[in-house]
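Peer 1: Sharing a structure with you now.
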Amino acid sequence: MDMNKRKIYYLLHNGKNSNLKYFVKGYLRQNTPKILFRMRLKSLLAELDKRPDKEYILDRVNYYCKLTKDTSYDRESWNKQAVEIQHQPMTGQKVYYFDAKQVANYFNPHNRWILLSGDITYVPEVPTIIKSRPLGDNNENSVVLKLEKIRHFLFVNDPKPWREKKNVAIFRGDLGPLKPNRDIFFKRWLGHPMVDAATTNLIPEHPEWKKEKFTINEHFDYKFIMSLEGNDVASNLKWVMSSNSIAVTPKHTCETWFMEGRLIPNYHYIEVKDDFSDLEERMNYYIEHPEEAEAIIRHAHEYVEQFFDKRRERLISLLVLKKYFDITNT
């Protein structure tokens, strides 16, 4: 297939969420009278006490928003930065604005917040709404909402059994100075018979490294899919874990609404060393022990299923933002 035909094929079959559909919904929601959302908040929050999974919901709320009344932060600095949600300017990346406002529209428009868009790998000095935060202690000021979900929250239906896939790890992605782990992987394993690796961006020194993008379905031919962090988390991790292939990655350093910090190595995914030196060894182990590989796939499917209940996801989002407002807007 020549390059032009390949680009058209990818455009029509990439398997990703529709940007057009997303933005049409976003602008329609933006122009809906906000009173219609606020009138529903009380009844939506009241659902919590009726749900059999109440403790699970509250656990996730407190995971995303670790703030408490005793959390110490520079109140003066927060006041200088915070804006009323009704006056929140459009963020540079509009998906952050639309996703955050989808939840905020249910609340009093005079509530104030700090919304930070982009791939955040540090902890802000004051309580801030973000998409991603570094794993570890003392990250209370990073309050996670489900942002940039059009790119990050995509699940798939993979009909191909693991044992029928190639004994190869596939990698397609950008390389660059902000993605040093990808560079390490690529330079170590490029050309290895068990690794199909190519860049999707042009590296001037090595133009031959670039290949056209793979559709999501084309990844399903491989037993192992490299899910490597980029600027923050790996955007493909969610759909890989919902497939019948296995995500392979070093230890995670960041997390999002997907709660990457709760993933268990070699239970939900295959973990390799930071320098990828044991990649071939780990692949061969699971090729020789297919029952263990299939167990990882089952566990991964069980993990992603918790995000399928849209009504519950909305309730958790509302409770996270309510907790944030209750603590910061007093």
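In the structure tokens, the first chain shown is A, the next is B, and so on; residue numbers restart at 1 for each chain, and ligands run from 1 in the order shown.
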Would you mind listing, for every residue of range 13-43 of chain A within 12 Å of range 305-320 of chain A, the two atoms forming the shortest contact and the distance between them in Å to one decimal, using only C-alpha atoms, sorted by chain and ascending residue number, as CSV?
Peer 2:
residue,atom,partner,partner_atom,distance
A:Phe37,CA,A:Leu318,CA,11.6
A:Arg38,CA,A:Leu318,CA,11.5
A:Arg40,CA,A:Leu318,CA,11.4
A:Leu41,CA,A:Leu318,CA,8.4
A:Lys42,CA,A:Leu318,CA,10.5
A:Ser43,CA,A:Leu315,CA,10.6
Peer 1: For those residues, write all heavy atoms to a file as a compact mmCIF listing (two decimals), in the first residue's frame.
Peer 2:
# COMPACT_ATOMS: atom_id res chain seq x y z
N PHE A 37 -28.33 21.97 34.50
CA PHE A 37 -27.42 21.05 35.16
C PHE A 37 -27.53 21.19 36.67
O PHE A 37 -27.62 20.19 37.39
CB PHE A 37 -25.97 21.33 34.73
CG PHE A 37 -25.70 21.08 33.27
CD1 PHE A 37 -25.58 22.13 32.38
CD2 PHE A 37 -25.56 19.80 32.79
CE1 PHE A 37 -25.33 21.91 31.03
CE2 PHE A 37 -25.30 19.56 31.45
CZ PHE A 37 -25.19 20.61 30.57
N ARG A 38 -27.54 22.45 37.17
CA ARG A 38 -27.52 22.67 38.61
C ARG A 38 -28.78 22.13 39.29
O ARG A 38 -28.73 21.71 40.45
CB ARG A 38 -27.33 24.16 38.90
CG ARG A 38 -25.99 24.70 38.40
CD ARG A 38 -25.66 26.03 39.05
NE ARG A 38 -26.57 27.09 38.65
CZ ARG A 38 -26.41 27.86 37.58
NH1 ARG A 38 -25.36 27.66 36.77
NH2 ARG A 38 -27.26 28.82 37.29
N ARG A 40 -30.13 19.43 38.78
CA ARG A 40 -30.03 17.98 38.92
C ARG A 40 -29.00 17.55 39.96
O ARG A 40 -28.95 16.37 40.33
CB ARG A 40 -29.67 17.35 37.57
CG ARG A 40 -30.68 17.61 36.46
CD ARG A 40 -30.26 16.88 35.20
NE ARG A 40 -30.17 15.44 35.43
CZ ARG A 40 -29.48 14.60 34.66
NH1 ARG A 40 -28.78 15.08 33.64
NH2 ARG A 40 -29.44 13.31 34.91
N LEU A 41 -28.16 18.46 40.41
CA LEU A 41 -27.03 18.07 41.25
C LEU A 41 -27.47 17.35 42.52
O LEU A 41 -26.93 16.29 42.86
CB LEU A 41 -26.20 19.31 41.63
CG LEU A 41 -24.99 19.01 42.52
CD1 LEU A 41 -24.02 18.07 41.83
CD2 LEU A 41 -24.28 20.31 42.92
N LYS A 42 -28.43 17.89 43.23
CA LYS A 42 -28.84 17.30 44.50
C LYS A 42 -29.31 15.86 44.32
O LYS A 42 -28.93 14.96 45.09
CB LYS A 42 -29.95 18.13 45.14
CG LYS A 42 -30.34 17.66 46.53
CD LYS A 42 -31.37 18.60 47.15
CE LYS A 42 -31.76 18.13 48.54
NZ LYS A 42 -32.75 19.06 49.18
N SER A 43 -30.13 15.61 43.30
CA SER A 43 -30.65 14.26 43.08
C SER A 43 -29.55 13.31 42.63
O SER A 43 -29.54 12.13 43.01
CB SER A 43 -31.78 14.29 42.05
OG SER A 43 -31.32 14.74 40.78
Peer 1: If we count only C-alpha atoms, what is near range 323-330 of chain A at a cut-off of 8 Å, once residues fewer than 5 positions away on the same chain are taken out, given as a PyMOL selection string?
Peer 2: chain A and resi 65+67-69+111-113+127+143
Peer 1: Go ahead and dump the residues you just picked, C-alpha atoms, as a tab-separated table (two decimals), in the first residue's frame.
Peer 2:
chain	number	residue	atom	x	y	z
A	65	CYS	CA	-8.89	14.06	45.86
A	67	LEU	CA	-7.33	16.91	50.30
A	68	THR	CA	-8.71	17.12	53.83
A	69	LYS	CA	-9.73	20.03	56.02
A	111	ASN	CA	-17.29	28.32	43.09
A	112	ARG	CA	-13.61	28.90	42.44
A	113	TRP	CA	-10.94	26.54	41.24
A	127	PRO	CA	-4.82	22.55	45.26
A	143	VAL	CA	-6.73	16.68	42.34
Peer 1: Residues of range 127-193 of chain A that approach range 239-262 of chain A to 9 Å or less, counting only C-alpha atoms: could you list each one with the shortest pair of atoms and its distance in Å to one decimal, rows by chain and increasing residue number, as JSON lines?
Peer 2:
{"residue": "A:Ile130", "atom": "CA", "partner": "A:Thr256", "partner_atom": "CA", "distance": 8.7}
{"residue": "A:Lys131", "atom": "CA", "partner": "A:Thr256", "partner_atom": "CA", "distance": 5.8}
{"residue": "A:Ser132", "atom": "CA", "partner": "A:Thr256", "partner_atom": "CA", "distance": 4.6}
{"residue": "A:Arg133", "atom": "CA", "partner": "A:Cys254", "partner_atom": "CA", "distance": 5.5}
{"residue": "A:Pro134", "atom": "CA", "partner": "A:Cys254", "partner_atom": "CA", "distance": 4.2}
{"residue": "A:Leu135", "atom": "CA", "partner": "A:Cys254", "partner_atom": "CA", "distance": 5.1}
{"residue": "A:Gly136", "atom": "CA", "partner": "A:Thr253", "partner_atom": "CA", "distance": 8.4}
{"residue": "A:Val144", "atom": "CA", "partner": "A:Trp257", "partner_atom": "CA", "distance": 6.3}
{"residue": "A:Leu145", "atom": "CA", "partner": "A:Trp257", "partner_atom": "CA", "distance": 6.3}
{"residue": "A:Lys146", "atom": "CA", "partner": "A:Trp257", "partner_atom": "CA", "distance": 5.4}
{"residue": "A:Leu147", "atom": "CA", "partner": "A:Trp257", "partner_atom": "CA", "distance": 8.0}
{"residue": "A:His152", "atom": "CA", "partner": "A:Trp239", "partner_atom": "CA", "distance": 8.6}
{"residue": "A:Phe153", "atom": "CA", "partner": "A:Trp239", "partner_atom": "CA", "distance": 7.6}
{"residue": "A:Leu154", "atom": "CA", "partner": "A:Trp239", "partner_atom": "CA", "distance": 5.5}
{"residue": "A:Phe155", "atom": "CA", "partner": "A:Trp239", "partner_atom": "CA", "distance": 4.5}
{"residue": "A:Val156", "atom": "CA", "partner": "A:Trp239", "partner_atom": "CA", "distance": 5.7}
{"residue": "A:Asn157", "atom": "CA", "partner": "A:Ser243", "partner_atom": "CA", "distance": 6.4}
{"residue": "A:Asp158", "atom": "CA", "partner": "A:Ser243", "partner_atom": "CA", "distance": 5.1}
{"residue": "A:Pro159", "atom": "CA", "partner": "A:Asn244", "partner_atom": "CA", "distance": 7.6}
{"residue": "A:Lys160", "atom": "CA", "partner": "A:Asn244", "partner_atom": "CA", "distance": 6.7}
{"residue": "A:Pro161", "atom": "CA", "partner": "A:Asn244", "partner_atom": "CA", "distance": 6.2}
{"residue": "A:Trp162", "atom": "CA", "partner": "A:Asn244", "partner_atom": "CA", "distance": 5.6}
{"residue": "A:Lys165", "atom": "CA", "partner": "A:Ser245", "partner_atom": "CA", "distance": 8.2}
{"residue": "A:Ala169", "atom": "CA", "partner": "A:Val248", "partner_atom": "CA", "distance": 8.4}
{"residue": "A:Asn181", "atom": "CA", "partner": "A:Pro250", "partner_atom": "CA", "distance": 8.8}
Peer 1: Could you tell me how far CA of Asn139 in chain A sits from CA of Val123 in chain A, in Å to one decimal place?
Peer 2: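 Atom-to-atom, CA of Val123 in chain A to CA of Asn139 in chain A, that is 5.8 Å.
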Peer 1: Each residue of range 129-171 of chain A with at least one atom at most 12 Å from range 21-33 of chain A should appear once, together with its nearest atom pair and the corresponding distance in Å (one decimal); atoms considered: only C-alpha atoms; ordering: chain, then increasing residue number; output as a Markdown table.
Peer 2:
| residue | atom | partner | partner_atom | distance |
| --- | --- | --- | --- | --- |
| A:Glu148 | CA | A:Tyr22 | CA | 10.8 |
| A:Lys149 | CA | A:Tyr22 | CA | 10.0 |
| A:Ile150 | CA | A:Tyr22 | CA | 7.3 |
| A:Arg151 | CA | A:Tyr22 | CA | 10.6 |
Peer 1: Select from range 250-322 of chain A everything DSSP, run on the backbone, classes as helix (DSSP H, G or I), then give the selection as a PyMOL selection string.
Peer 2: chain A and resi 260-262+279-288+290-305+310-322
Peer 1: Limited to N, CA and C atoms, could you put the picked residues into a file as a short mmCIF file (atom, residue, chain, number, x, y, z; two decimals), in the first residue's frame?
Peer 2:
data_model
loop_
_atom_site.label_atom_id
_atom_site.label_comp_id
_atom_site.auth_asym_id
_atom_site.auth_seq_id
_atom_site.Cartn_x
_atom_site.Cartn_y
_atom_site.Cartn_z
N GLU A 260 -3.34 4.50 37.55
CA GLU A 260 -2.18 3.68 37.20
C GLU A 260 -1.41 3.23 38.44
N GLY A 261 -1.48 4.02 39.51
CA GLY A 261 -0.79 3.66 40.75
C GLY A 261 -1.34 2.42 41.42
N ARG A 262 -2.51 1.98 41.03
CA ARG A 262 -3.10 0.77 41.61
C ARG A 262 -2.92 -0.47 40.74
N LEU A 279 13.64 -7.34 28.40
CA LEU A 279 12.42 -7.44 27.58
C LEU A 279 12.30 -8.81 26.91
N GLU A 280 13.34 -9.25 26.22
CA GLU A 280 13.26 -10.53 25.52
C GLU A 280 13.03 -11.67 26.51
N GLU A 281 13.70 -11.62 27.63
CA GLU A 281 13.53 -12.67 28.66
C GLU A 281 12.09 -12.72 29.16
N ARG A 282 11.49 -11.55 29.41
CA ARG A 282 10.11 -11.51 29.92
C ARG A 282 9.13 -11.99 28.85
N MET A 283 9.36 -11.60 27.60
CA MET A 283 8.49 -12.06 26.53
C MET A 283 8.55 -13.58 26.39
N ASN A 284 9.76 -14.12 26.39
CA ASN A 284 9.92 -15.57 26.23
C ASN A 284 9.27 -16.33 27.38
N TYR A 285 9.34 -15.76 28.57
CA TYR A 285 8.72 -16.44 29.72
C TYR A 285 7.23 -16.63 29.49
N TYR A 286 6.55 -15.57 29.06
CA TYR A 286 5.10 -15.67 28.89
C TYR A 286 4.72 -16.44 27.63
N ILE A 287 5.58 -16.43 26.62
CA ILE A 287 5.34 -17.27 25.45
C ILE A 287 5.38 -18.74 25.85
N GLU A 288 6.30 -19.06 26.76
CA GLU A 288 6.42 -20.44 27.23
C GLU A 288 5.41 -20.80 28.31
N PRO A 290 1.78 -19.75 28.51
CA PRO A 290 0.61 -19.02 28.00
C PRO A 290 -0.53 -18.89 29.01
N GLU A 291 -0.65 -19.86 29.93
CA GLU A 291 -1.71 -19.75 30.93
C GLU A 291 -1.50 -18.51 31.81
N GLU A 292 -0.25 -18.21 32.15
CA GLU A 292 0.04 -17.03 32.96
C GLU A 292 -0.22 -15.76 32.16
N ALA A 293 0.08 -15.79 30.88
CA ALA A 293 -0.19 -14.63 30.03
C ALA A 293 -1.69 -14.37 29.95
N GLU A 294 -2.45 -15.43 29.77
CA GLU A 294 -3.90 -15.27 29.68
C GLU A 294 -4.51 -14.83 31.00
N ALA A 295 -3.87 -15.17 32.11
CA ALA A 295 -4.33 -14.69 33.41
C ALA A 295 -4.14 -13.17 33.51
N ILE A 296 -3.01 -12.68 33.01
CA ILE A 296 -2.78 -11.23 33.01
C ILE A 296 -3.86 -10.53 32.20
N ILE A 297 -4.21 -11.10 31.06
CA ILE A 297 -5.24 -10.50 30.22
C ILE A 297 -6.58 -10.47 30.95
N ARG A 298 -6.92 -11.55 31.64
CA ARG A 298 -8.18 -11.57 32.43
C ARG A 298 -8.16 -10.51 33.51
N HIS A 299 -7.05 -10.40 34.21
CA HIS A 299 -6.95 -9.41 35.28
C HIS A 299 -7.04 -7.99 34.72
N ALA A 300 -6.43 -7.78 33.57
CA ALA A 300 -6.50 -6.46 32.93
C ALA A 300 -7.93 -6.13 32.55
N HIS A 301 -8.65 -7.10 32.00
CA HIS A 301 -10.04 -6.88 31.63
C HIS A 301 -10.89 -6.56 32.85
N GLU A 302 -10.64 -7.27 33.95
CA GLU A 302 -11.38 -7.00 35.18
C GLU A 302 -11.12 -5.58 35.67
N TYR A 303 -9.88 -5.14 35.52
CA TYR A 303 -9.54 -3.78 35.98
C TYR A 303 -10.25 -2.72 35.16
N VAL A 304 -10.23 -2.84 33.84
CA VAL A 304 -10.82 -1.79 33.00
C VAL A 304 -12.34 -1.76 33.11
N GLU A 305 -12.95 -2.88 33.49
CA GLU A 305 -14.40 -2.94 33.57
C GLU A 305 -14.98 -1.97 34.59
N LYS A 310 -21.04 4.39 33.14
CA LYS A 310 -21.00 5.84 32.91
C LYS A 310 -21.71 6.62 34.01
N ARG A 311 -22.79 6.08 34.52
CA ARG A 311 -23.52 6.78 35.58
C ARG A 311 -22.67 6.87 36.85
N ARG A 312 -21.99 5.77 37.17
CA ARG A 312 -21.12 5.78 38.35
C ARG A 312 -19.92 6.70 38.13
N GLU A 313 -19.36 6.69 36.93
CA GLU A 313 -18.23 7.57 36.64
C GLU A 313 -18.62 9.04 36.81
N ARG A 314 -19.82 9.39 36.39
CA ARG A 314 -20.28 10.76 36.57
C ARG A 314 -20.43 11.09 38.04
N LEU A 315 -20.98 10.17 38.81
CA LEU A 315 -21.16 10.41 40.24
C LEU A 315 -19.81 10.60 40.93
N ILE A 316 -18.85 9.78 40.60
CA ILE A 316 -17.52 9.92 41.20
C ILE A 316 -16.92 11.28 40.84
N SER A 317 -17.06 11.68 39.59
CA SER A 317 -16.54 12.98 39.16
C SER A 317 -17.19 14.12 39.95
N LEU A 318 -18.50 14.06 40.10
CA LEU A 318 -19.21 15.10 40.86
C LEU A 318 -18.74 15.14 42.30
N LEU A 319 -18.55 13.98 42.90
CA LEU A 319 -18.13 13.92 44.31
C LEU A 319 -16.70 14.43 44.48
N VAL A 320 -15.85 14.16 43.51
CA VAL A 320 -14.48 14.67 43.58
C VAL A 320 -14.49 16.19 43.56
N LEU A 321 -15.23 16.77 42.63
CA LEU A 321 -15.25 18.22 42.53
C LEU A 321 -15.96 18.85 43.72
N LYS A 322 -17.01 18.18 44.22
CA LYS A 322 -17.69 18.69 45.42
C LYS A 322 -16.72 18.73 46.60
#
